[in-house]
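Structure data (TSV, C-alpha atoms) from work_17.tsv:
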chain	number	residue	atom	x	y	z
R	307	MET	CA	18.33	-22.77	2.30
R	308	ILE	CA	18.23	-21.73	5.95
R	309	GLU	CA	21.81	-22.95	6.47
R	310	ARG	CA	22.88	-20.35	3.91
R	311	LEU	CA	21.26	-17.40	5.70
R	312	GLN	CA	24.35	-16.73	7.81
R	313	GLU	CA	26.63	-16.34	4.82
R	314	LEU	CA	24.10	-14.36	2.77
R	315	VAL	CA	23.17	-11.89	5.50
R	316	ASN	CA	26.65	-11.32	6.91
R	317	ALA	CA	27.98	-10.59	3.41
R	318	ASP	CA	25.45	-7.76	2.98
R	319	PRO	CA	26.73	-4.69	4.89
R	320	ALA	CA	23.56	-2.64	4.26
R	321	LEU	CA	21.40	-5.39	5.72
R	322	VAL	CA	23.67	-5.85	8.73
R	323	ARG	CA	23.58	-2.10	9.27
R	324	ARG	CA	19.77	-2.05	9.09
R	325	GLY	CA	19.73	-4.66	11.84
R	326	ARG	CA	22.42	-3.17	14.02
R	327	TRP	CA	20.04	-2.88	16.98
R	328	THR	CA	18.48	-6.27	16.39
R	329	ASN	CA	19.26	-9.07	18.85
R	330	ALA	CA	17.02	-12.11	18.82
R	331	ASP	CA	16.85	-15.87	18.80
R	332	MET	CA	14.50	-16.62	15.94
R	333	LEU	CA	13.00	-20.06	15.49
R	334	LEU	CA	12.29	-20.92	11.86
R	335	GLU	CA	10.10	-23.85	11.00
R	336	THR	CA	9.63	-25.31	7.53
R	337	GLY	CA	7.20	-28.19	7.73
R	338	ALA	CA	8.61	-30.63	10.26
R	339	ARG	CA	12.11	-29.11	10.41
R	340	ARG	CA	13.24	-26.34	12.74
R	341	TRP	CA	16.24	-24.07	13.08
R	342	LEU	CA	17.34	-21.53	15.64
R	343	VAL	CA	18.84	-18.42	14.08
R	344	ALA	CA	20.87	-16.32	16.52
R	345	ILE	CA	20.88	-12.67	15.43
R	346	ARG	CA	23.35	-10.36	17.16
R	347	ALA	CA	23.66	-6.70	16.15
R	348	GLY	CA	22.27	-7.46	12.71
R	349	ARG	CA	24.70	-10.29	11.99
R	350	ILE	CA	23.71	-13.92	12.07
R	351	GLU	CA	25.93	-15.43	14.69
R	352	ALA	CA	24.78	-19.01	14.33
R	353	VAL	CA	22.19	-21.20	12.64
R	354	ARG	CA	21.60	-24.58	14.20
R	355	THR	CA	18.97	-27.23	13.75
R	356	VAL	CA	16.58	-27.78	16.63
R	357	GLU	CA	15.87	-31.42	17.40
R	358	MET	CA	14.08	-31.07	20.72
R	359	ALA	CA	10.36	-30.45	20.84
R	360	VAL	CA	10.80	-27.69	23.41
R	361	ALA	CA	13.55	-25.15	22.88
R	362	PRO	CA	13.83	-21.49	23.88
R	363	PHE	CA	13.33	-18.72	21.33
R	364	ASP	CA	12.27	-15.06	21.27
R	365	PHE	CA	9.89	-15.44	18.38
R	366	ALA	CA	9.06	-18.11	15.86
R	367	ILE	CA	8.14	-17.95	12.18
R	368	ARG	CA	6.51	-21.20	11.19
R	369	GLY	CA	5.54	-22.06	7.64
R	370	THR	CA	4.67	-25.06	5.57
R	371	GLU	CA	7.44	-26.51	3.42
R	372	GLU	CA	5.50	-25.61	0.30
R	373	ALA	CA	5.07	-22.00	1.50
R	374	TRP	CA	8.81	-21.47	2.06
R	375	ALA	CA	9.72	-23.18	-1.23
R	376	GLU	CA	7.44	-20.81	-3.15
R	377	PHE	CA	8.57	-17.80	-1.06
R	378	TRP	CA	12.21	-18.40	-2.01
R	379	LYS	CA	11.62	-18.63	-5.75
R	380	PRO	CA	13.09	-15.68	-7.67
R	381	MET	CA	9.54	-14.69	-8.69
R	382	PRO	CA	7.08	-16.29	-6.26
R	383	LYS	CA	3.48	-16.58	-7.27
R	384	PRO	CA	0.99	-13.94	-6.02
R	385	ARG	CA	0.28	-14.01	-2.28
R	386	HIS	CA	3.30	-16.23	-1.62
R	387	HIS	CA	5.91	-13.45	-1.98
R	388	ASP	CA	5.68	-12.00	1.54
R	389	LEU	CA	5.51	-13.27	5.13
R	390	ILE	CA	2.27	-11.45	5.91
R	391	ALA	CA	0.79	-12.54	2.58
R	392	LEU	CA	1.49	-16.13	3.63
R	393	ILE	CA	-0.05	-15.50	7.04
R	394	ARG	CA	-3.20	-14.33	5.31
R	395	GLU	CA	-3.10	-17.47	3.16
R	396	GLY	CA	-2.96	-19.55	6.35
R	397	LYS	CA	0.44	-21.00	5.44
R	398	MET	CA	2.60	-19.13	7.96
R	399	ARG	CA	2.42	-18.09	11.61
R	400	PHE	CA	4.21	-15.61	13.86
R	401	GLU	CA	4.57	-16.62	17.52
R	402	GLY	CA	6.35	-15.44	20.64
R	403	ASP	CA	7.55	-11.90	21.39
R	404	MET	CA	5.45	-10.04	18.84
R	405	ASP	CA	6.71	-6.61	19.90
R	406	LEU	CA	10.28	-7.66	19.14
R	407	LEU	CA	9.24	-9.25	15.87
R	408	MET	CA	7.16	-6.30	14.68
R	409	ALA	CA	9.77	-3.74	15.74
R	410	ASN	CA	12.26	-5.52	13.48
R	411	LEU	CA	9.89	-6.63	10.74
R	412	LEU	CA	11.50	-4.82	7.82
R	413	TYR	CA	14.95	-6.20	8.68
R	414	LEU	CA	13.53	-9.69	9.20
R	415	LYS	CA	11.68	-9.64	5.89
R	416	LEU	CA	14.89	-8.69	4.10
R	417	VAL	CA	16.85	-11.39	5.97
R	418	LEU	CA	14.37	-14.08	5.06
R	419	GLU	CA	14.25	-12.95	1.44
R	420	ALA	CA	18.04	-13.03	1.12
R	421	PRO	CA	18.08	-16.41	-0.67
R	422	ARG	CA	15.65	-15.04	-3.25
R	423	ARG	CA	17.49	-11.79	-3.87
R	424	THR	CA	20.85	-13.42	-4.49
R	425	GLY	CA	19.36	-15.85	-6.95
R	426	VAL	CA	20.48	-18.78	-4.78
R	427	ALA	CA	16.94	-20.08	-4.78
R	428	ALA	CA	17.00	-20.55	-8.56
N	1323	MET	CA	24.58	18.61	-14.91
N	1324	SER	CA	21.73	21.10	-15.10
N	1325	PRO	CA	18.68	20.38	-12.97
N	1326	VAL	CA	15.49	18.97	-14.42
N	1327	ILE	CA	12.61	21.19	-13.34
N	1328	GLU	CA	9.43	19.14	-13.24
N	1329	PRO	CA	6.18	20.64	-14.59
N	1330	ILE	CA	4.37	20.04	-11.27
N	1331	ALA	CA	3.13	23.05	-9.29
N	1332	GLY	CA	2.34	22.65	-5.59
N	1333	ARG	CA	0.37	25.11	-3.44
N	1334	TYR	CA	-1.53	25.33	-0.17
N	1335	MET	CA	-5.11	26.34	0.40
N	1336	ARG	CA	-7.04	27.07	3.60
N	1337	LEU	CA	-10.60	25.83	3.55
N	1338	GLN	CA	-13.40	24.51	5.69
N	1339	ILE	CA	-13.86	20.74	5.56
N	1340	ASP	CA	-16.67	19.29	7.63
N	1341	GLY	CA	-16.91	22.56	9.58
N	1342	ARG	CA	-13.23	22.77	10.55
N	1343	GLU	CA	-10.49	24.88	9.12
N	1344	HIS	CA	-7.80	22.94	7.27
N	1345	ARG	CA	-4.54	23.81	5.54
N	1346	LEU	CA	-4.31	21.53	2.56
N	1347	TYR	CA	-1.52	20.91	0.09
N	1348	TRP	CA	-2.14	19.97	-3.52
N	1349	GLU	CA	-0.19	19.59	-6.73
N	1350	GLU	CA	-1.19	19.78	-10.32
N	1351	ALA	CA	0.11	19.60	-13.86
N	1352	GLY	CA	-1.41	19.78	-17.33
N	1353	SER	CA	-4.63	21.09	-18.77
N	1354	GLY	CA	-7.82	19.67	-20.17
N	1355	VAL	CA	-10.14	17.14	-18.60
N	1356	PRO	CA	-9.71	17.34	-14.80
N	1357	LEU	CA	-8.35	14.12	-13.28
N	1358	LEU	CA	-8.45	14.13	-9.49
N	1359	CYS	CA	-6.23	11.50	-7.81
N	1360	LEU	CA	-6.49	9.97	-4.32
N	1361	HIS	CA	-3.49	8.40	-2.59
N	1362	THR	CA	-3.50	5.24	-0.46
N	1363	ALA	CA	-3.84	4.96	3.33
N	1364	GLY	CA	-0.88	6.33	5.27
N	1365	ALA	CA	0.86	7.84	2.25
N	1366	ASP	CA	0.60	11.08	0.26
N	1367	GLY	CA	0.23	12.54	-3.22
N	1368	ARG	CA	3.81	11.77	-4.25
N	1369	GLN	CA	2.49	8.35	-5.25
N	1370	TYR	CA	1.23	10.03	-8.43
N	1371	ARG	CA	4.57	11.68	-9.34
N	1372	ALA	CA	4.86	9.74	-12.60
N	1373	ILE	CA	1.33	10.62	-13.76
N	1374	LEU	CA	1.97	14.31	-13.03
N	1375	ASN	CA	5.20	14.08	-15.03
N	1376	ASP	CA	3.75	12.22	-18.01
N	1377	PRO	CA	3.31	14.61	-20.97
N	1378	THR	CA	1.06	12.23	-22.88
N	1379	ILE	CA	-1.36	12.46	-19.95
N	1380	THR	CA	-0.94	16.12	-19.01
N	1381	GLU	CA	-1.43	17.35	-22.58
N	1382	ARG	CA	-5.05	16.23	-22.33
N	1383	PHE	CA	-5.70	16.09	-18.57
N	1384	ARG	CA	-5.42	18.57	-15.74
N	1385	VAL	CA	-4.02	16.15	-13.15
N	1386	VAL	CA	-4.74	17.22	-9.56
N	1387	VAL	CA	-3.39	15.39	-6.52
N	1388	PHE	CA	-3.93	16.49	-2.93
N	1389	ASP	CA	-2.52	15.27	0.35
N	1390	MET	CA	-5.37	14.30	2.66
N	1391	PRO	CA	-5.49	16.18	5.98
N	1392	TRP	CA	-2.91	14.63	8.37
N	1393	HIS	CA	-0.91	13.34	5.36
N	1394	GLY	CA	2.11	14.61	3.44
N	1395	LYS	CA	2.30	18.39	3.60
N	1396	SER	CA	-1.34	18.87	4.68
N	1397	SER	CA	-1.68	19.57	8.38
N	1398	PRO	CA	-4.07	18.03	10.84
N	1399	PRO	CA	-6.72	20.50	12.02
N	1400	GLU	CA	-6.21	22.61	15.13
N	1401	GLY	CA	-6.75	20.54	18.27
N	1402	TRP	CA	-5.46	17.33	16.68
N	1403	GLU	CA	-3.28	16.61	19.70
N	1404	ARG	CA	-6.37	15.77	21.71
N	1405	GLU	CA	-7.99	13.33	19.30
N	1406	ASP	CA	-7.46	10.04	17.49
N	1407	TYR	CA	-7.44	10.37	13.72
N	1408	LYS	CA	-10.05	8.06	12.20
N	1409	LEU	CA	-11.17	8.18	8.60
N	1410	THR	CA	-14.83	7.30	8.01
N	1411	THR	CA	-16.92	6.89	4.89
N	1412	GLU	CA	-18.70	10.16	5.65
N	1413	SER	CA	-15.56	12.20	6.32
N	1414	TYR	CA	-13.81	10.79	3.24
N	1415	VAL	CA	-16.73	11.49	0.89
N	1416	GLU	CA	-17.07	15.01	2.31
N	1417	LEU	CA	-13.34	15.63	1.86
N	1418	VAL	CA	-13.22	14.64	-1.81
N	1419	VAL	CA	-16.37	16.57	-2.73
N	1420	THR	CA	-15.15	19.66	-0.87
N	1421	VAL	CA	-11.71	19.65	-2.51
N	1422	ALA	CA	-13.13	19.07	-6.00
N	1423	GLU	CA	-15.48	22.00	-5.49
N	1424	ALA	CA	-12.83	24.25	-3.91
N	1425	LEU	CA	-10.59	23.78	-6.94
N	1426	GLY	CA	-13.47	24.44	-9.32
N	1427	LEU	CA	-13.05	21.10	-11.07
N	1428	ASP	CA	-15.80	20.58	-13.64
N	1429	ARG	CA	-17.02	16.98	-13.43
N	1430	PRO	CA	-13.53	15.56	-12.92
N	1431	ALA	CA	-12.58	11.99	-13.59
N	1432	LEU	CA	-11.69	10.53	-10.21
N	1433	MET	CA	-8.94	7.97	-9.64
N	1434	GLY	CA	-8.13	6.48	-6.25
N	1435	CYS	CA	-6.05	3.62	-4.94
N	1436	SER	CA	-6.85	1.25	-2.04
N	1437	ILE	CA	-8.90	3.37	0.38
N	1438	GLY	CA	-9.16	5.75	-2.58
N	1439	GLY	CA	-10.23	2.89	-4.80
N	1440	ARG	CA	-12.98	2.15	-2.30
N	1441	VAL	CA	-14.28	5.69	-1.89
N	1442	VAL	CA	-14.53	6.28	-5.63
N	1443	LEU	CA	-17.22	3.58	-5.68
N	1444	GLU	CA	-19.19	5.35	-2.97
N	1445	LEU	CA	-18.74	8.68	-4.77
N	1446	ALA	CA	-19.93	7.17	-8.06
N	1447	ARG	CA	-23.03	5.95	-6.23
N	1448	ARG	CA	-23.83	9.17	-4.37
N	1449	HIS	CA	-22.63	11.79	-6.82
N	1450	PRO	CA	-22.77	10.52	-10.40
N	1451	ASN	CA	-23.48	14.09	-11.46
N	1452	LEU	CA	-20.21	15.39	-9.97
N	1453	PHE	CA	-17.79	12.91	-11.58
N	1454	ARG	CA	-17.56	11.97	-15.27
N	1455	ALA	CA	-16.01	8.59	-14.46
N	1456	VAL	CA	-14.18	6.83	-11.65
N	1457	ILE	CA	-11.08	4.64	-11.76
N	1458	GLY	CA	-10.62	2.32	-8.79
N	1459	LEU	CA	-7.08	0.97	-8.33
N	1460	GLN	CA	-6.82	-1.96	-5.91
N	1461	SER	CA	-10.48	-1.42	-5.34
N	1462	SER	CA	-12.90	-3.63	-3.43
N	1463	ALA	CA	-16.05	-3.20	-1.38
N	1464	PHE	CA	-14.43	-4.29	1.89
N	1465	VAL	CA	-11.32	-5.94	3.34
N	1466	GLN	CA	-11.60	-7.87	6.60
N	1467	ARG	CA	-8.85	-7.35	9.15
N	1468	TYR	CA	-6.38	-10.21	9.18
N	1469	PHE	CA	-3.72	-8.71	11.43
N	1470	ASP	CA	-3.75	-6.78	14.71
N	1471	LEU	CA	-3.31	-3.34	13.24
N	1472	SER	CA	-2.50	-1.71	16.58
N	1473	TYR	CA	1.14	-2.69	15.95
N	1474	LEU	CA	1.19	0.21	13.50
N	1475	HIS	CA	0.98	2.70	16.36
N	1476	ARG	CA	2.70	1.72	19.58
N	1477	PRO	CA	5.29	3.69	21.51
N	1478	ASN	CA	7.77	0.79	21.65
N	1479	ILE	CA	7.67	0.10	17.89
N	1480	HIS	CA	8.88	2.70	15.40
N	1481	GLY	CA	5.78	3.67	13.43
N	1482	GLY	CA	7.55	4.61	10.22
N	1483	GLU	CA	9.60	1.43	10.18
N	1484	VAL	CA	6.70	-0.88	10.90
N	1485	CYS	CA	4.34	0.82	8.42
N	1486	ALA	CA	6.99	0.42	5.71
N	1487	ALA	CA	7.62	-3.18	6.76
N	1488	TYR	CA	3.92	-3.90	6.56
N	1489	CYS	CA	3.70	-2.37	3.07
N	1490	TYR	CA	6.96	-3.87	1.81
N	1491	GLY	CA	5.25	-7.05	0.62
N	1492	LEU	CA	2.26	-5.21	-0.78
N	1493	VAL	CA	4.62	-4.05	-3.52
N	1494	GLY	CA	4.92	-6.57	-6.37
N	1495	PRO	CA	8.16	-8.59	-6.19
N	1496	GLY	CA	9.24	-7.43	-9.64
N	1497	ALA	CA	8.88	-3.69	-8.97
N	1498	PRO	CA	11.98	-1.61	-9.70
N	1499	GLN	CA	13.97	-1.10	-6.47
N	1500	LYS	CA	14.01	2.68	-6.94
N	1501	HIS	CA	10.23	2.91	-6.99
N	1502	ARG	CA	9.70	0.26	-4.30
N	1503	TRP	CA	11.82	2.21	-1.82
N	1504	GLU	CA	10.40	5.59	-2.83
N	1505	THR	CA	6.94	4.15	-2.10
N	1506	LEU	CA	8.09	2.82	1.27
N	1507	TRP	CA	9.74	6.12	2.19
N	1508	HIS	CA	6.34	7.83	1.97
N	1509	TYR	CA	5.09	5.29	4.51
N	1510	MET	CA	8.09	5.89	6.74
N	1511	GLN	CA	7.22	9.61	6.77
N	1512	GLY	CA	3.59	9.19	7.79
N	1513	GLY	CA	2.46	10.78	11.05
N	1514	PRO	CA	1.98	8.56	14.11
N	1515	GLY	CA	-1.30	6.66	13.93
N	1516	VAL	CA	-2.31	8.11	10.56
N	1517	PHE	CA	-2.01	4.87	8.56
N	1518	LEU	CA	-3.93	3.12	11.33
N	1519	GLY	CA	-6.60	5.86	11.27
N	1520	ASP	CA	-7.06	5.42	7.50
N	1521	LEU	CA	-7.43	1.68	7.95
N	1522	HIS	CA	-10.44	2.38	10.16
N	1523	PHE	CA	-12.20	3.22	6.90
N	1524	TYR	CA	-10.56	0.36	4.99
N	1525	SER	CA	-11.35	-2.46	7.41
N	1526	ILE	CA	-14.02	-1.26	9.87
N	1527	ASP	CA	-16.25	1.61	8.77
N	1528	GLY	CA	-16.11	1.60	4.99
N	1529	ASP	CA	-18.00	-1.50	3.91
N	1530	VAL	CA	-19.82	-0.51	0.70
N	1531	SER	CA	-20.70	-4.03	-0.44
N	1532	GLY	CA	-24.43	-3.63	0.20
N	1533	ARG	CA	-24.64	-0.48	-1.91
N	1534	LEU	CA	-22.77	-1.49	-5.07
N	1535	ALA	CA	-25.93	-2.36	-7.01
N	1536	GLU	CA	-27.07	1.27	-6.71
N	1537	ILE	CA	-24.15	2.53	-8.79
N	1538	ASP	CA	-25.36	3.73	-12.19
N	1539	THR	CA	-22.45	3.28	-14.58
N	1540	ALA	CA	-24.46	4.82	-17.40
N	1541	ARG	CA	-24.18	8.12	-15.53
N	1542	CYS	CA	-20.75	7.55	-14.03
N	1543	PRO	CA	-18.65	4.80	-15.66
N	1544	VAL	CA	-16.60	2.62	-13.29
N	1545	PHE	CA	-13.19	1.30	-14.31
N	1546	MET	CA	-11.27	-1.01	-11.99
N	1547	LEU	CA	-7.60	-1.96	-12.26
N	1548	THR	CA	-6.18	-4.49	-9.80
N	1549	GLY	CA	-2.61	-5.74	-9.46
N	1550	GLU	CA	-2.35	-9.50	-9.08
N	1551	TYR	CA	0.23	-9.41	-6.25
N	1552	ASP	CA	-1.95	-7.45	-3.85
N	1553	TYR	CA	-2.77	-9.69	-0.90
N	1554	SER	CA	-4.71	-6.95	0.89
N	1555	CYS	CA	-7.20	-6.03	-1.81
N	1556	THR	CA	-7.05	-9.35	-3.62
N	1557	LEU	CA	-8.00	-10.07	-7.17
N	1558	GLU	CA	-10.90	-12.15	-5.87
N	1559	ALA	CA	-12.17	-9.21	-3.81
N	1560	SER	CA	-12.01	-6.90	-6.84
N	1561	ARG	CA	-13.74	-9.49	-9.00
N	1562	GLU	CA	-16.50	-9.96	-6.46
N	1563	THR	CA	-16.96	-6.20	-6.24
N	1564	ALA	CA	-16.96	-5.68	-10.02
N	1565	ALA	CA	-19.52	-8.46	-10.43
N	1566	LYS	CA	-21.97	-6.50	-8.29
N	1567	ILE	CA	-21.67	-3.27	-10.29
N	1568	VAL	CA	-23.54	-3.51	-13.56
N	1569	GLY	CA	-21.28	-2.15	-16.29
N	1570	ALA	CA	-18.09	-1.98	-14.24
N	1571	GLU	CA	-14.95	-3.00	-16.15
N	1572	LEU	CA	-12.18	-4.77	-14.26
N	1573	THR	CA	-8.71	-5.29	-15.69
N	1574	VAL	CA	-6.10	-7.48	-13.97
N	1575	MET	CA	-2.63	-5.93	-13.87
N	1576	GLN	CA	0.07	-8.58	-14.16
N	1577	GLY	CA	3.06	-8.26	-11.86
N	1578	LEU	CA	1.73	-5.29	-9.92
N	1579	GLY	CA	0.91	-4.98	-6.22
N	1580	HIS	CA	-1.03	-2.57	-4.04
N	1581	PHE	CA	0.59	0.70	-5.22
N	1582	PRO	CA	0.63	0.41	-9.03
N	1583	MET	CA	1.11	4.11	-9.87
N	1584	SER	CA	3.99	4.43	-7.43
N	1585	GLU	CA	5.71	1.03	-7.33
N	1586	ASP	CA	6.05	0.52	-11.08
N	1587	PRO	CA	4.83	3.57	-13.02
N	1588	GLU	CA	5.99	2.27	-16.42
N	1589	ARG	CA	4.13	-1.00	-16.16
N	1590	PHE	CA	1.05	0.73	-14.71
N	1591	ARG	CA	0.99	3.18	-17.60
N	1592	GLY	CA	0.24	0.35	-20.02
N	1593	TYR	CA	-2.95	-0.41	-18.12
N	1594	LEU	CA	-4.01	3.15	-17.36
N	1595	MET	CA	-3.67	4.69	-20.83
N	1596	PRO	CA	-6.50	2.73	-22.50
N	1597	VAL	CA	-8.83	3.84	-19.68
N	1598	LEU	CA	-7.76	7.48	-19.98
N	1599	GLU	CA	-8.23	7.32	-23.77
N	1600	ARG	CA	-11.82	6.29	-23.27
N	1601	ILE	CA	-12.47	8.97	-20.68
N	1602	ALA	CA	-10.88	11.61	-22.92
N	1603	ALA	CA	-13.08	10.45	-25.80
N	1604	GLY	CA	-16.10	11.00	-23.53

Take the structure in the file and give it back as structure tokens.
Amino acid sequence: MIERLQELVNADPALVRRGRWTNADMLLETGARRWLVAIRAGRIEAVRTVEMAVAPFDFAIRGTEEAWAEFWKPMPKPRHHDLIALIREGKMRFEGDMDLLMANLLYLKLVLEAPRRTGVAA
Amino acid sequence: MSPVIEPIAGRYMRLQIDGREHRLYWEEAGSGVPLLCLHTAGADGRQYRAILNDPTITERFRVVVFDMPWHGKSSPPEGWEREDYKLTTESYVELVVTVAEALGLDRPALMGCSIGGRVVLELARRHPNLFRAVIGLQSSAFVQRYFDLSYLHRPNIHGGEVCAAYCYGLVGPGAPQKHRWETLWHYMQGGPGVFLGDLHFYSIDGDVSGRLAEIDTARCPVFMLTGEYDYSCTLEASRETAAKIVGAELTVMQGLGHFPMSEDPERFRGYLMPVLERIAAG
């Protein structure tokens, strides 16, 4: 799913516009797997898997595999439909530069929901 | 296309609340049993736009919605620039009682959501003679903080954007886009620190859990409606609260989140109407 973020986000001009001031290297973790998502001016420049245990990032969003799978369903179950809902459930964590993350939270929520909105997740 | 003029009338009043002069904005529509409505933290009375525009409600109810001081078109009191806005149980109770009295509402039914859903419980306890019934939407006795709320008011993070981002997921995932984004816009328009100041009541000062047993539902019936997608005021929290109020009636609203009347008015209507029927029947 994460490999498809680049295509989904870059094809959505309103989303790219919302993120036009957003520049960040975002680490995404689903269970044991990790990706680095390079965001430049609201576009996703690259998505690459991270093999090394230590790798640089601005902020990280780490969730269990089960949490992300439910999150990406077209109609997730209650309290699994939102990043902060999952944090409250203890199934997701924010780490790193929290000011950068929080300043861009609406854009980031929409980016990470892109697979759900396009129906790809179904 | 000719314009559609809505039946809602909005006016301002100047009044003393808690010993300070305030300029307060309110809207109303309809006639009959007074129904006073309280908006959520960090938002304003526009959340009730669909109720105010619903002829099947306004033909029997005088629906009254006010913007709390600091919210919507109500101003903060003079001298606000030198203080931090913080809502407390005492100031909230005083506000609602003062406004109901100022508008001459005769034993109104009282409906509130989130912080409003909390304070209606305290008002039912303290003033069962002033309100004929209360309806708590997304109502619970207390919600522990689970996030550092200071992010909602920092100079390097846009307050409107972050408040809307925070609330984005409190809307149910199936809500119509039009109403989801209208609801978020209200959050984007909130004054700096106002949402945070309301949450002082929600998550610090306003714990009413020890006083629920004192509510006499024979004098002031308590109806609770909670959307299943709310992860702030959860279904479990509402259930726990309802279980401690003898006679309280809790209904679970499928598909809805934290802002039922604003995020999906059509779906909410199906849950609200049976409650209003019973209140209208006395």

Just want the 9 Å neighbourhood of Asn329 (chain R), counted on all atoms listed in the file, with same-chain residues fewer than 2 positions away dropped. Output as a list in words.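 The filter keeps Gly325, Arg326, Trp327, Asp331, Ala344, Ile345, Arg346, Ala347, Gly348 and Arg349 of chain R.
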
Distance cut-off 10 Å, counting only C-alpha atoms - which residues of chain R neighbour chain N? Return them as a PyMOL selection string. chain R and resi 380-395+404-416

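For Pro362 (chain R), the residues within 12 Å (counting all atoms listed in the file, excluding itself and residues fewer than 6 positions away along the chain) are Ala330, Asp331, Met332, Leu333, Trp341, Leu342, Val343, Ala344, Val356, Gly402 and Asp403 of chain R.
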
Using only C-alpha atoms, please write the residues we just selected to a file, as a PDB file, in the coordinates of the input.
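Saved file part-v2.pdb follows:
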ATOM      1  CA  ALA R 330      17.020 -12.110  18.820  1.00  0.00           C
ATOM      2  CA  ASP R 331      16.850 -15.870  18.800  1.00  0.00           C
ATOM      3  CA  MET R 332      14.500 -16.620  15.940  1.00  0.00           C
ATOM      4  CA  LEU R 333      13.000 -20.060  15.490  1.00  0.00           C
ATOM      5  CA  TRP R 341      16.240 -24.070  13.080  1.00  0.00           C
ATOM      6  CA  LEU R 342      17.340 -21.530  15.640  1.00  0.00           C
ATOM      7  CA  VAL R 343      18.840 -18.420  14.080  1.00  0.00           C
ATOM      8  CA  ALA R 344      20.870 -16.320  16.520  1.00  0.00           C
ATOM      9  CA  VAL R 356      16.580 -27.780  16.630  1.00  0.00           C
ATOM     10  CA  GLY R 402       6.350 -15.440  20.640  1.00  0.00           C
ATOM     11  CA  ASP R 403       7.550 -11.900  21.390  1.00  0.00           C
TER      12      ASP R 403
END

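Reported to one decimal place, the separation of CA of Arg1371 (chain N) from CA of Tyr1407 (chain N) is 26.0 Å.
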
Can you work out which one of N:Gly1512, N:Pro1543, N:Gly1592, N:Gly1394 has the shortest atom-to-atom distance to Met1433 (chain N), counting only C-alpha atoms?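 Residue with the minimum atom-to-atom distance to Met1433 (chain N): N:Pro1543.
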
Would you compute the distance between CA of Gln1511 (chain N) and CA of Val1386 (chain N)? Give it in Å to one decimal.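 Atom-to-atom, CA of Gln1511 (chain N) and CA of Val1386 (chain N) are spaced 21.6 Å apart.
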
Between CA of His1508 (chain N) and CA of Asp1520 (chain N), distance in Å (one decimal):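 Pair CA of His1508 (chain N) / CA of Asp1520 (chain N) returns 14.7 Å.
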
Spatial neighbours of Gly1513 (chain N), max dist 10 Å, only C-alpha atoms, sep filter under 5 positions, as a PyMOL selection string: chain N and resi 1364-1365+1392-1394+1398+1475+1481-1482+1518
